[in-house]
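**Q** Dropping in structure_36.pdb, which is PDB, C-alpha atoms:
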ATOM      1  CA  MET A  15      40.983  40.579 -23.498
ATOM      2  CA  SER A  16      40.554  44.060 -24.954
ATOM      3  CA  SER A  17      39.617  47.037 -22.805
ATOM      4  CA  ALA A  18      36.323  47.314 -24.712
ATOM      5  CA  THR A  19      35.466  43.698 -23.896
ATOM      6  CA  ARG A  20      36.314  44.247 -20.244
ATOM      7  CA  ARG A  21      34.053  47.277 -20.110
ATOM      8  CA  SER A  22      31.187  45.283 -21.654
ATOM      9  CA  LYS A  23      31.418  42.755 -18.821
ATOM     10  CA  LEU A  24      31.303  45.338 -16.043
ATOM     11  CA  TRP A  25      28.379  47.260 -14.671
ATOM     12  CA  TYR A  26      29.180  50.567 -13.007
ATOM     13  CA  VAL A  27      26.892  51.440 -10.140
ATOM     14  CA  PHE A  28      27.304  54.782  -8.428
ATOM     15  CA  PHE A  29      25.908  55.227  -4.951
ATOM     16  CA  ALA A  30      24.798  58.743  -4.034
ATOM     17  CA  GLY A  31      26.487  60.150  -0.983
ATOM     18  CA  CYS A  32      29.426  57.732  -1.216
ATOM     19  CA  GLY A  33      32.000  60.204  -2.501
ATOM     20  CA  GLY A  34      31.737  59.029  -6.078
ATOM     21  CA  SER A  35      32.881  55.496  -5.186
ATOM     22  CA  VAL A  36      32.197  52.771  -7.704
ATOM     23  CA  ALA A  37      30.998  49.210  -7.029
ATOM     24  CA  TYR A  38      31.810  46.681  -9.759
ATOM     25  CA  LEU A  39      29.318  43.858 -10.438
ATOM     26  CA  ARG A  40      30.287  41.083 -12.836
ATOM     27  CA  HIS A  41      27.648  39.083 -14.694
ATOM     28  CA  GLY A  42      26.441  36.320 -12.367
ATOM     29  CA  ARG A  43      28.672  37.497  -9.483
ATOM     30  CA  HIS A  44      27.648  40.197  -7.065
ATOM     31  CA  THR A  45      29.520  41.886  -4.270
ATOM     32  CA  LYS A  46      28.375  40.965  -0.783
ATOM     33  CA  ASP A  47      26.672  43.742   1.088
ATOM     34  CA  ALA A  48      25.632  43.263   4.713
ATOM     35  CA  ARG A  49      22.817  45.768   4.238
ATOM     36  CA  PHE A  50      20.857  43.271   2.151
ATOM     37  CA  SER A  51      19.562  39.821   3.041
ATOM     38  CA  ASP A  52      17.927  36.955   1.166
ATOM     39  CA  TYR A  53      15.643  36.239   4.118
ATOM     40  CA  PRO A  54      11.971  36.444   3.014
ATOM     41  CA  ASP A  55       9.639  39.220   4.093
ATOM     42  CA  PHE A  56       7.058  37.466   6.284
ATOM     43  CA  THR A  57       5.373  40.670   7.467
ATOM     44  CA  GLY A  58       1.696  39.962   8.187
ATOM     45  CA  HIS A  59       2.049  36.247   7.400
ATOM     46  CA  HIS A  60       0.260  33.515   9.338
ATOM     47  CA  THR A  61       1.849  30.359   7.911
ATOM     48  CA  VAL A  62       3.723  27.965  10.154
ATOM     49  CA  VAL A  63       6.941  28.440   8.188
ATOM     50  CA  ALA A  64       6.758  32.207   8.734
ATOM     51  CA  LYS A  65       6.517  31.545  12.453
ATOM     52  CA  LYS A  66       9.286  28.943  12.620
ATOM     53  CA  LEU A  67      11.938  29.884  10.035
ATOM     54  CA  THR A  68      14.624  31.975  11.726
ATOM     55  CA  HIS A  69      17.319  34.046  10.006
ATOM     56  CA  SER A  70      20.023  31.674  11.195
ATOM     57  CA  MET A  71      18.100  28.628   9.921
ATOM     58  CA  TYR A  72      17.616  30.246   6.538
ATOM     59  CA  ASN A  73      21.238  31.350   6.169
ATOM     60  CA  HIS A  74      22.466  27.896   7.148
ATOM     61  CA  MET A  75      20.320  26.048   4.585
ATOM     62  CA  LYS A  76      19.732  28.512   1.735
ATOM     63  CA  HIS A  77      22.552  27.168  -0.460
ATOM     64  CA  MET A  78      21.749  23.498   0.111
ATOM     65  CA  LYS A  79      20.191  21.308  -2.569
ATOM     66  CA  THR A  80      18.685  17.853  -2.443
ATOM     67  CA  PRO A  81      19.975  15.205  -4.909
ATOM     68  CA  SER A  82      17.158  16.127  -7.319
ATOM     69  CA  GLY A  83      18.117  19.809  -7.074
ATOM     70  CA  PHE A  84      15.317  21.108  -4.835
ATOM     71  CA  THR A  85      16.284  24.129  -2.706
ATOM     72  CA  LEU A  86      15.002  25.663   0.510
ATOM     73  CA  ASP A  87      13.663  28.663  -1.417
ATOM     74  CA  GLU A  88      11.570  26.330  -3.573
ATOM     75  CA  CYS A  89      10.253  24.629  -0.435
ATOM     76  CA  ILE A  90       9.108  27.911   1.106
ATOM     77  CA  GLN A  91       8.000  29.791  -2.040
ATOM     78  CA  ALA A  92       4.275  29.204  -1.499
ATOM     79  CA  GLY A  93       4.679  30.406   2.086
ATOM     80  CA  VAL A  94       6.447  33.554   0.874
ATOM     81  CA  ASP A  95       3.881  34.405  -1.803
ATOM     82  CA  LEU A  96       0.804  33.566   0.289
ATOM     83  CA  LYS A  97       0.165  34.944   3.763
ATOM     84  CA  GLY A  98      -2.063  32.135   5.013
ATOM     85  CA  SER A  99      -5.086  32.449   7.268
ATOM     86  CA  ALA A 100      -5.053  33.777  10.798
ATOM     87  CA  LEU A 101      -8.118  31.657  11.591
ATOM     88  CA  GLY A 102      -9.008  28.022  11.087
ATOM     89  CA  ARG A 103      -6.678  25.455   9.580
ATOM     90  CA  LYS A 104      -2.961  26.109   9.898
ATOM     91  CA  ASP A 105      -1.197  26.643   6.569
ATOM     92  CA  ALA A 106       2.249  25.067   6.487
ATOM     93  CA  GLY A 107       3.696  27.385   3.829
ATOM     94  CA  LEU A 108       6.280  24.662   3.215
ATOM     95  CA  VAL A 109       6.355  21.837   0.663
ATOM     96  CA  ALA A 110       8.752  18.956   0.033
ATOM     97  CA  GLY A 111      10.052  18.511  -3.495
ATOM     98  CA  ASP A 112      11.421  15.072  -2.720
ATOM     99  CA  VAL A 113      11.935  12.800   0.269
ATOM    100  CA  GLU A 114      15.451  14.171   0.836
ATOM    101  CA  CYS A 115      13.926  17.545   1.784
ATOM    102  CA  TYR A 116      12.863  15.986   5.083
ATOM    103  CA  ASP A 117      16.531  15.376   5.905
ATOM    104  CA  SER A 118      18.391  18.169   4.087
ATOM    105  CA  PHE A 119      16.137  20.845   5.614
ATOM    106  CA  ARG A 120      15.398  18.903   8.780
ATOM    107  CA  ASP A 121      15.549  21.908  11.125
ATOM    108  CA  ILE A 122      12.590  23.712   9.587
ATOM    109  CA  PHE A 123      10.714  20.574   8.462
ATOM    110  CA  GLU A 124      10.685  19.085  11.967
ATOM    111  CA  ASP A 125       9.515  22.363  13.501
ATOM    112  CA  VAL A 126       6.655  22.700  11.011
ATOM    113  CA  ILE A 127       5.641  19.026  11.317
ATOM    114  CA  ASN A 128       5.577  19.259  15.111
ATOM    115  CA  GLU A 129       3.313  22.302  14.875
ATOM    116  CA  LEU A 130       0.935  20.599  12.422
ATOM    117  CA  HIS A 131       0.948  17.185  14.151
ATOM    118  CA  PRO A 132       1.578  17.859  17.862
ATOM    119  CA  SER A 133       0.304  14.469  19.061
ATOM    120  CA  ARG A 134       1.973  12.241  16.470
ATOM    121  CA  LYS A 135       3.228   8.840  17.524
ATOM    122  CA  GLU A 136       5.244   6.069  15.907
ATOM    123  CA  HIS A 137       3.397   4.812  12.842
ATOM    124  CA  ARG A 138       2.568   1.326  11.647
ATOM    125  CA  ARG A 139       3.144   0.590   7.985
ATOM    126  CA  SER A 140       0.161  -1.652   7.254
ATOM    127  CA  LEU A 141      -3.380  -0.316   6.971
ATOM    128  CA  SER A 142      -4.647  -3.795   7.835
ATOM    129  CA  GLU A 143      -3.570  -3.131  11.422
ATOM    130  CA  CYS A 144      -6.232  -0.430  11.804
ATOM    131  CA  GLY A 145      -8.398  -1.058  14.821
ATOM    132  CA  GLY A 146     -11.536   0.293  16.416
ATOM    133  CA  VAL A 147     -13.407   0.746  13.114
ATOM    134  CA  PRO A 148     -17.224   0.511  13.355
ATOM    135  CA  ALA A 149     -18.588  -2.127  10.985
ATOM    136  CA  ARG A 150     -21.585  -0.163   9.724
ATOM    137  CA  PHE A 151     -23.340   3.189   9.879
ATOM    138  CA  ASP A 152     -27.086   3.609   9.522
ATOM    139  CA  PRO A 153     -27.578   3.892   5.717
ATOM    140  CA  LYS A 154     -30.369   6.396   6.300
ATOM    141  CA  GLN A 155     -27.841   8.702   7.925
ATOM    142  CA  VAL A 156     -24.899   7.762   5.694
ATOM    143  CA  PRO A 157     -26.215   6.909   2.200
ATOM    144  CA  GLU A 158     -22.680   6.859   0.749
ATOM    145  CA  LEU A 159     -19.151   7.082   2.078
ATOM    146  CA  LYS A 160     -15.667   7.361   0.613
ATOM    147  CA  LEU A 161     -12.328   6.443   2.181
ATOM    148  CA  THR A 162      -9.112   7.908   0.772
ATOM    149  CA  VAL A 163      -5.381   7.406   1.294
ATOM    150  CA  TYR A 164      -2.413   9.133  -0.334
ATOM    151  CA  ARG A 165       0.794   7.360  -1.390
ATOM    152  CA  ASN A 166       4.027   8.314  -3.167
ATOM    153  CA  LEU A 167       6.705   6.110  -4.711
ATOM    154  CA  ASP A 168      10.219   6.075  -3.324
ATOM    155  CA  ASP A 169      12.027   6.245  -6.686
ATOM    156  CA  PHE A 170      10.642   9.606  -7.758
ATOM    157  CA  PRO A 171      10.471  13.217  -6.546
ATOM    158  CA  PHE A 172       7.086  14.385  -5.292
ATOM    159  CA  PRO A 173       4.711  15.875  -7.924
ATOM    160  CA  PRO A 174       5.848  19.527  -7.491
ATOM    161  CA  ALA A 175       9.419  18.603  -8.487
ATOM    162  CA  MET A 176       8.836  15.913 -11.106
ATOM    163  CA  SER A 177      10.128  16.257 -14.637
ATOM    164  CA  ARG A 178       7.880  15.270 -17.533
ATOM    165  CA  ALA A 179       9.872  12.063 -18.023
ATOM    166  CA  GLN A 180       9.571  11.125 -14.336
ATOM    167  CA  ARG A 181       5.843  11.798 -14.341
ATOM    168  CA  ARG A 182       5.352   9.652 -17.444
ATOM    169  CA  LEU A 183       7.419   6.812 -15.978
ATOM    170  CA  THR A 184       5.346   6.940 -12.788
ATOM    171  CA  GLU A 185       2.176   6.675 -14.857
ATOM    172  CA  THR A 186       3.560   3.672 -16.776
ATOM    173  CA  THR A 187       4.636   1.966 -13.539
ATOM    174  CA  LEU A 188       1.152   2.351 -12.083
ATOM    175  CA  GLN A 189      -0.591   1.234 -15.264
ATOM    176  CA  LYS A 190       1.293  -2.059 -15.017
ATOM    177  CA  ALA A 191       0.257  -2.355 -11.373
ATOM    178  CA  PHE A 192      -3.414  -1.822 -12.231
ATOM    179  CA  SER A 193      -3.279  -4.588 -14.843
ATOM    180  CA  LEU A 194      -2.295  -7.038 -12.090
ATOM    181  CA  LEU A 195      -5.103  -6.227  -9.644
ATOM    182  CA  PRO A 196      -7.215  -9.284  -8.706
ATOM    183  CA  ALA A 197     -10.754  -9.718 -10.067
ATOM    184  CA  PRO A 198     -12.735  -7.949  -7.295
ATOM    185  CA  LEU A 199     -10.609  -4.831  -7.841
ATOM    186  CA  ALA A 200      -9.899  -5.072 -11.558
ATOM    187  CA  GLY A 201     -10.906  -2.314 -13.914
ATOM    188  CA  ARG A 202      -9.566   0.125 -16.474
ATOM    189  CA  TYR A 203      -7.090   2.985 -16.475
ATOM    190  CA  LYS A 204      -7.551   6.066 -18.642
ATOM    191  CA  SER A 205      -5.330   9.077 -19.050
ATOM    192  CA  LEU A 206      -7.137  12.381 -18.575
ATOM    193  CA  LYS A 207      -6.633  13.081 -22.263
ATOM    194  CA  GLU A 208      -8.734  10.000 -23.102
ATOM    195  CA  ILE A 209     -11.705  10.823 -20.889
ATOM    196  CA  LYS A 210     -14.663  12.220 -22.805
ATOM    197  CA  ALA A 211     -16.611  15.234 -21.569
ATOM    198  CA  SER A 212     -19.707  13.192 -20.650
ATOM    199  CA  GLU A 213     -17.643  10.723 -18.596
ATOM    200  CA  TYR A 214     -15.790  13.589 -16.963
ATOM    201  CA  GLU A 215     -19.039  15.235 -15.884
ATOM    202  CA  SER A 216     -20.431  11.958 -14.523
ATOM    203  CA  LEU A 217     -17.321  11.173 -12.468
ATOM    204  CA  ASN A 218     -17.049  14.758 -11.302
ATOM    205  CA  ALA A 219     -20.656  14.712 -10.083
ATOM    206  CA  GLN A 220     -19.810  11.630  -8.012
ATOM    207  CA  GLY A 221     -16.757  13.345  -6.526
ATOM    208  CA  CYS A 222     -14.470  10.734  -8.080
ATOM    209  CA  MET A 223     -12.857  12.682 -10.922
ATOM    210  CA  LEU A 224      -9.232  13.771 -10.826
ATOM    211  CA  ALA A 225      -9.564  17.508 -11.366
ATOM    212  CA  LYS A 226      -6.772  20.010 -11.817
ATOM    213  CA  PRO A 227      -5.768  21.345  -8.366
ATOM    214  CA  ALA A 228      -7.102  24.865  -8.094
ATOM    215  CA  SER A 229      -5.349  26.270  -5.037
ATOM    216  CA  GLU A 230      -2.836  29.059  -5.450
ATOM    217  CA  ALA A 231      -0.372  27.182  -3.210
ATOM    218  CA  ASP A 232      -0.445  24.159  -5.530
ATOM    219  CA  ARG A 233       0.142  26.382  -8.548
ATOM    220  CA  ILE A 234       3.087  28.163  -6.939
ATOM    221  CA  SER A 235       4.686  24.908  -5.831
ATOM    222  CA  GLY A 236       4.705  23.627  -9.424
ATOM    223  CA  LEU A 237       2.128  20.904  -8.848
ATOM    224  CA  VAL A 238       0.038  21.651 -11.934
ATOM    225  CA  ARG A 239       2.818  22.031 -14.488
ATOM    226  CA  ASP A 240       2.034  20.426 -17.872
ATOM    227  CA  TRP A 241      -1.492  19.464 -16.795
ATOM    228  CA  PRO A 242      -2.999  17.029 -17.852
ATOM    229  CA  ASP A 243       0.116  15.286 -19.208
ATOM    230  CA  ALA A 244       0.698  11.854 -17.580
ATOM    231  CA  ARG A 245      -2.288  12.232 -15.236
ATOM    232  CA  GLY A 246      -5.072   9.712 -15.182
ATOM    233  CA  LEU A 247      -7.725   7.738 -13.394
ATOM    234  CA  PHE A 248      -8.286   4.038 -12.684
ATOM    235  CA  VAL A 249     -11.902   2.906 -12.215
ATOM    236  CA  SER A 250     -12.837  -0.605 -11.086
ATOM    237  CA  ALA A 251     -15.447  -2.572 -13.021
ATOM    238  CA  ALA A 252     -17.829  -2.245 -10.066
ATOM    239  CA  LYS A 253     -17.136   1.518  -9.884
ATOM    240  CA  ASP A 254     -16.446   1.273  -6.167
ATOM    241  CA  LEU A 255     -12.674   1.823  -6.424
ATOM    242  CA  PHE A 256     -10.906   4.824  -7.973
ATOM    243  CA  VAL A 257      -7.189   5.583  -8.143
ATOM    244  CA  TRP A 258      -5.871   8.995  -9.177
ATOM    245  CA  VAL A 259      -2.425   9.120 -10.761
ATOM    246  CA  ASN A 260      -0.051  12.105 -10.538
ATOM    247  CA  GLY A 261      -2.530  14.508  -9.001
ATOM    248  CA  ARG A 262      -1.452  15.960  -5.665
ATOM    249  CA  HIS A 263       0.260  12.612  -4.998
ATOM    250  CA  HIS A 264       1.632   9.823  -7.157
ATOM    251  CA  VAL A 265      -1.254   7.624  -5.983
ATOM    252  CA  GLN A 266      -4.573   8.509  -4.365
ATOM    253  CA  VAL A 267      -6.806   5.510  -3.640
ATOM    254  CA  ILE A 268     -10.543   6.054  -3.111
ATOM    255  CA  SER A 269     -12.919   3.331  -1.926
ATOM    256  CA  ARG A 270     -16.597   4.197  -2.385
ATOM    257  CA  GLU A 271     -19.421   2.351  -0.654
ATOM    258  CA  THR A 272     -23.161   2.879  -1.093
ATOM    259  CA  GLY A 273     -24.743   2.681   2.326
ATOM    260  CA  GLY A 274     -22.998   2.794   5.657
ATOM    261  CA  ASP A 275     -20.800  -0.312   5.506
ATOM    262  CA  LEU A 276     -17.534   1.241   6.637
ATOM    263  CA  GLY A 277     -15.924  -2.137   7.203
ATOM    264  CA  GLN A 278     -16.473  -3.147   3.566
ATOM    265  CA  ALA A 279     -15.113   0.186   2.294
ATOM    266  CA  LEU A 280     -12.032  -0.168   4.488
ATOM    267  CA  GLN A 281     -11.434  -3.755   3.404
ATOM    268  CA  ARG A 282     -11.502  -2.690  -0.262
ATOM    269  CA  LEU A 283      -9.224   0.284   0.411
ATOM    270  CA  VAL A 284      -6.634  -1.860   2.191
ATOM    271  CA  ALA A 285      -6.752  -4.590  -0.456
ATOM    272  CA  ALA A 286      -6.293  -2.134  -3.334
ATOM    273  CA  THR A 287      -3.554  -0.088  -1.669
ATOM    274  CA  GLU A 288      -1.525  -3.155  -0.716
ATOM    275  CA  SER A 289      -2.126  -4.954  -4.034
ATOM    276  CA  ILE A 290      -0.795  -1.978  -5.984
ATOM    277  CA  GLU A 291       2.389  -1.876  -3.903
ATOM    278  CA  ASN A 292       2.870  -5.656  -4.059
ATOM    279  CA  SER A 293       2.597  -5.575  -7.850
ATOM    280  CA  PHE A 294       5.766  -3.467  -8.031
ATOM    281  CA  GLY A 295       7.686  -6.641  -7.171
ATOM    282  CA  GLY A 296      10.108  -4.814  -4.905
ATOM    283  CA  VAL A 297      11.279  -2.493  -7.706
ATOM    284  CA  THR A 298       9.722   0.445  -5.872
ATOM    285  CA  ARG A 299       7.679   0.946  -2.709
ATOM    286  CA  TYR A 300       5.511   3.550  -1.049
ATOM    287  CA  LEU A 301       7.515   6.156   0.827
ATOM    288  CA  TRP A 302       7.145   5.539   4.536
ATOM    289  CA  ASP A 303       8.955   6.572   7.704
ATOM    290  CA  PRO A 304       8.338   5.147  11.209
ATOM    291  CA  SER A 305       8.309   8.637  12.738
ATOM    292  CA  HIS A 306       6.195  10.405  10.119
ATOM    293  CA  GLY A 307       4.231   7.630   8.417
ATOM    294  CA  TYR A 308       3.558   7.920   4.687
ATOM    295  CA  LEU A 309       5.356  10.901   3.173
ATOM    296  CA  GLY A 310       4.411  13.444   0.528
ATOM    297  CA  HIS A 311       4.952  17.033  -0.532
ATOM    298  CA  ASP A 312       2.119  18.354   1.682
ATOM    299  CA  LEU A 313       3.187  18.233   5.326
ATOM    300  CA  SER A 314      -0.401  18.464   6.523
ATOM    301  CA  GLU A 315      -1.206  15.141   4.805
ATOM    302  CA  ILE A 316       1.693  12.948   5.945
ATOM    303  CA  GLY A 317       1.063  10.024   8.278
ATOM    304  CA  ASN A 318      -1.214   6.998   8.207
ATOM    305  CA  ALA A 319      -4.507   8.860   8.260
ATOM    306  CA  ILE A 320      -7.461   7.744   6.175
ATOM    307  CA  ALA A 321      -9.685  10.551   4.913
ATOM    308  CA  LEU A 322     -13.428   9.877   5.309
TER     309      LEU A 322
END
Could I get this structure in the form of structure tokens?

**A**
Amino acid sequence: MSSATRRSKLWYVFFAGCGGSVAYLRHGRHTKDARFSDYPDFTGHHTVVAKKLTHSMYNHMKHMKTPSGFTLDECIQAGVDLKGSALGRKDAGLVAGDVECYDSFRDIFEDVINELHPSRKEHRRSLSECGGVPARFDPKQVPELKLTVYRNLDDFPFPPAMSRAQRRLTETTLQKAFSLLPAPLAGRYKSLKEIKASEYESLNAQGCMLAKPASEADRISGLVRDWPDARGLFVSAAKDLFVWVNGRHHVQVISRETGGDLGQALQRLVAATESIENSFGGVTRYLWDPSHGYLGHDLSEIGNAIAL
């Protein structure tokens, strides 16, 4: 290599007050300097990750990657860029790119989960084992209700880390599942690109439309990349069952009931959620863990909870 070529690959950095000493930095390789750290600046932050992530934790895990290539810095990026709220709901500031994040970065994930879910217990897998559900509310007080659950498939990264190809394959897998739903649940799937403006407005007014996530945390985490590609909505013929595809989760099932019949809404929700999984024929399943319940990228939403 010529001397001119060598010079082109070196950067000369002079530090004032260092006696004219020279530090050499090669492209892509930097000298280590104990004065500088990769640890994030959490000054004034109120997220759980800012509270729980120590320097030693960060240094231990910062070079690790999950099998799909997700890093600790990607997990915490939203918590670095956003300070969170000092009041009200706790902001995790931490997302999972794939299920392996729960294990690869276990130290910080367990600390954050314990803070968000202090009373968690061992979870049951089946929603049909739910107990203590009132059969009916007074329809004068509850003219309409919706029940929602979130599910993710075990063969794919979570939405923030999905490639276009993975997102499209997830959509295709779920389209096949919808085509196998029994008559009471049967309906039609449409990609967001197919939905006309008038239909969009109607579904949106009912609170049943898959809209682009608007939060800054979702944007930073990569959740809305390529929107609306490979996102869509299943609507039953009776318009009492809706399934969102590749929104904040691979699958979001919504059971809507006019009046206060909670038991009927729950029965439909359970039937649809389990029928979709059964239609996979064992090729894939919903991600579930006995300690944490159903898993996803958002640590505040893991578990077996049903949103009402």

**Q** Run through the PyMOL selection byres ((chain A and resi 165) around 7) on the given coordinates and return the selected residues as a list in words.

**A**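 Checked against the file, the PyMOL selection byres ((chain A and resi 165) around 7) matches Val163, Tyr164, Asn166, Leu167, His263, His264, Val265, Gln266, Tyr300 and Tyr308 of chain A.
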
**Q** I need the residue set behind the PyMOL selection byres ((chain A and resi 104) around 9) for this file; please write it as a PyMOL selection string.

**A** chain A and resi 60-62+98-103+105-106+129-130+314

**Q** Taking the file as I've supplied it (selection: the PyMOL selection byres ((chain A and resi 190-198) around 9)), which residues are included? Please answer as a PDB file with C-alpha atoms, keeping the file's coordinate frame.

**A**
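Output contents, as saved in part_9.pdb:
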ATOM      1  CA  GLU A 185       2.176   6.675 -14.857  1.00  0.00           C
ATOM      2  CA  THR A 186       3.560   3.672 -16.776  1.00  0.00           C
ATOM      3  CA  THR A 187       4.636   1.966 -13.539  1.00  0.00           C
ATOM      4  CA  LEU A 188       1.152   2.351 -12.083  1.00  0.00           C
ATOM      5  CA  GLN A 189      -0.591   1.234 -15.264  1.00  0.00           C
ATOM      6  CA  LEU A 199     -10.609  -4.831  -7.841  1.00  0.00           C
ATOM      7  CA  ALA A 200      -9.899  -5.072 -11.558  1.00  0.00           C
ATOM      8  CA  GLY A 201     -10.906  -2.314 -13.914  1.00  0.00           C
ATOM      9  CA  ARG A 202      -9.566   0.125 -16.474  1.00  0.00           C
ATOM     10  CA  TYR A 203      -7.090   2.985 -16.475  1.00  0.00           C
ATOM     11  CA  PHE A 248      -8.286   4.038 -12.684  1.00  0.00           C
ATOM     12  CA  SER A 250     -12.837  -0.605 -11.086  1.00  0.00           C
ATOM     13  CA  ALA A 251     -15.447  -2.572 -13.021  1.00  0.00           C
ATOM     14  CA  ALA A 252     -17.829  -2.245 -10.066  1.00  0.00           C
ATOM     15  CA  ARG A 282     -11.502  -2.690  -0.262  1.00  0.00           C
ATOM     16  CA  ALA A 286      -6.293  -2.134  -3.334  1.00  0.00           C
ATOM     17  CA  SER A 289      -2.126  -4.954  -4.034  1.00  0.00           C
ATOM     18  CA  ILE A 290      -0.795  -1.978  -5.984  1.00  0.00           C
ATOM     19  CA  GLU A 291       2.389  -1.876  -3.903  1.00  0.00           C
ATOM     20  CA  ASN A 292       2.870  -5.656  -4.059  1.00  0.00           C
ATOM     21  CA  SER A 293       2.597  -5.575  -7.850  1.00  0.00           C
ATOM     22  CA  PHE A 294       5.766  -3.467  -8.031  1.00  0.00           C
TER      23      PHE A 294
END

**Q** Just checking: using all atoms listed in the file, which residue out of A:Asp52, A:Glu158, A:Asp243, A:Glu114 ends up closest to A:Arg182?

**A**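 Going through A:Asp52, A:Glu158, A:Asp243, A:Glu114 one by one, the smallest distance to A:Arg182 is for A:Asp243.
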
**Q** Can you pull out the residues contacting A:Ser133? Cut-off 12 Å, using all atoms listed in the file, and skip same-chain residues under 4 positions away; I want them as a list of chain:residue names.

**A**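 Contacts, in chain order: A:Ile127, A:Asn128, A:Glu129, A:His137, A:Ser305, A:His306, A:Gly317.
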
**Q** Just checking: using all atoms listed in the file, which residue out of A:Ala219, A:Ala319, A:Ile234, A:Val297 ends up closest to A:Asp87?

**A**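 Going through A:Ala219, A:Ala319, A:Ile234, A:Val297 one by one, the smallest distance to A:Asp87 is for A:Ile234.
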
**Q** With distances taken over only C-alpha atoms, which residue among A:Met78, A:Val63, A:Leu159, A:Val257 lies nearest A:Gln278?

**A**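 With only C-alpha atoms as the atom set, the closest residue is A:Leu159.
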
**Q** For A:Thr184, which residue out of A:Ser118, A:Lys210, A:Arg299, A:Cys222 is the nearest one, using all atoms listed in the file?

**A**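 Among A:Ser118, A:Lys210, A:Arg299, A:Cys222, it is A:Arg299 that comes nearest to A:Thr184.
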
**Q** Excluding A:Ile320 and any residue of its chain fewer than 2 positions from it, enumerate the residues within 7 Å of it, using all atoms listed in the file, and give them as a list of chain:residue names.

**A**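 Listed by chain and then number, they are A:Leu161, A:Thr162, A:Val163, A:Asn318, A:Leu322.
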
**Q** I'd like the neighbourhood of A:Pro171 as a PyMOL selection string, where a residue qualifies if any of its atoms comes within 12 Å (using all atoms listed in the file), though same-chain residues fewer than 4 positions away should be ignored.

**A** chain A and resi 80-84+109-115+166-167+175-181+183-184+237+260+263-264+301+309-311

**Q** Between atom CA of A:Gln281 and atom CA of A:Glu315, what is the distance, to one decimal in Å?

**A**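 Separation between atom CA of A:Gln281 and atom CA of A:Glu315: 21.5 Å.
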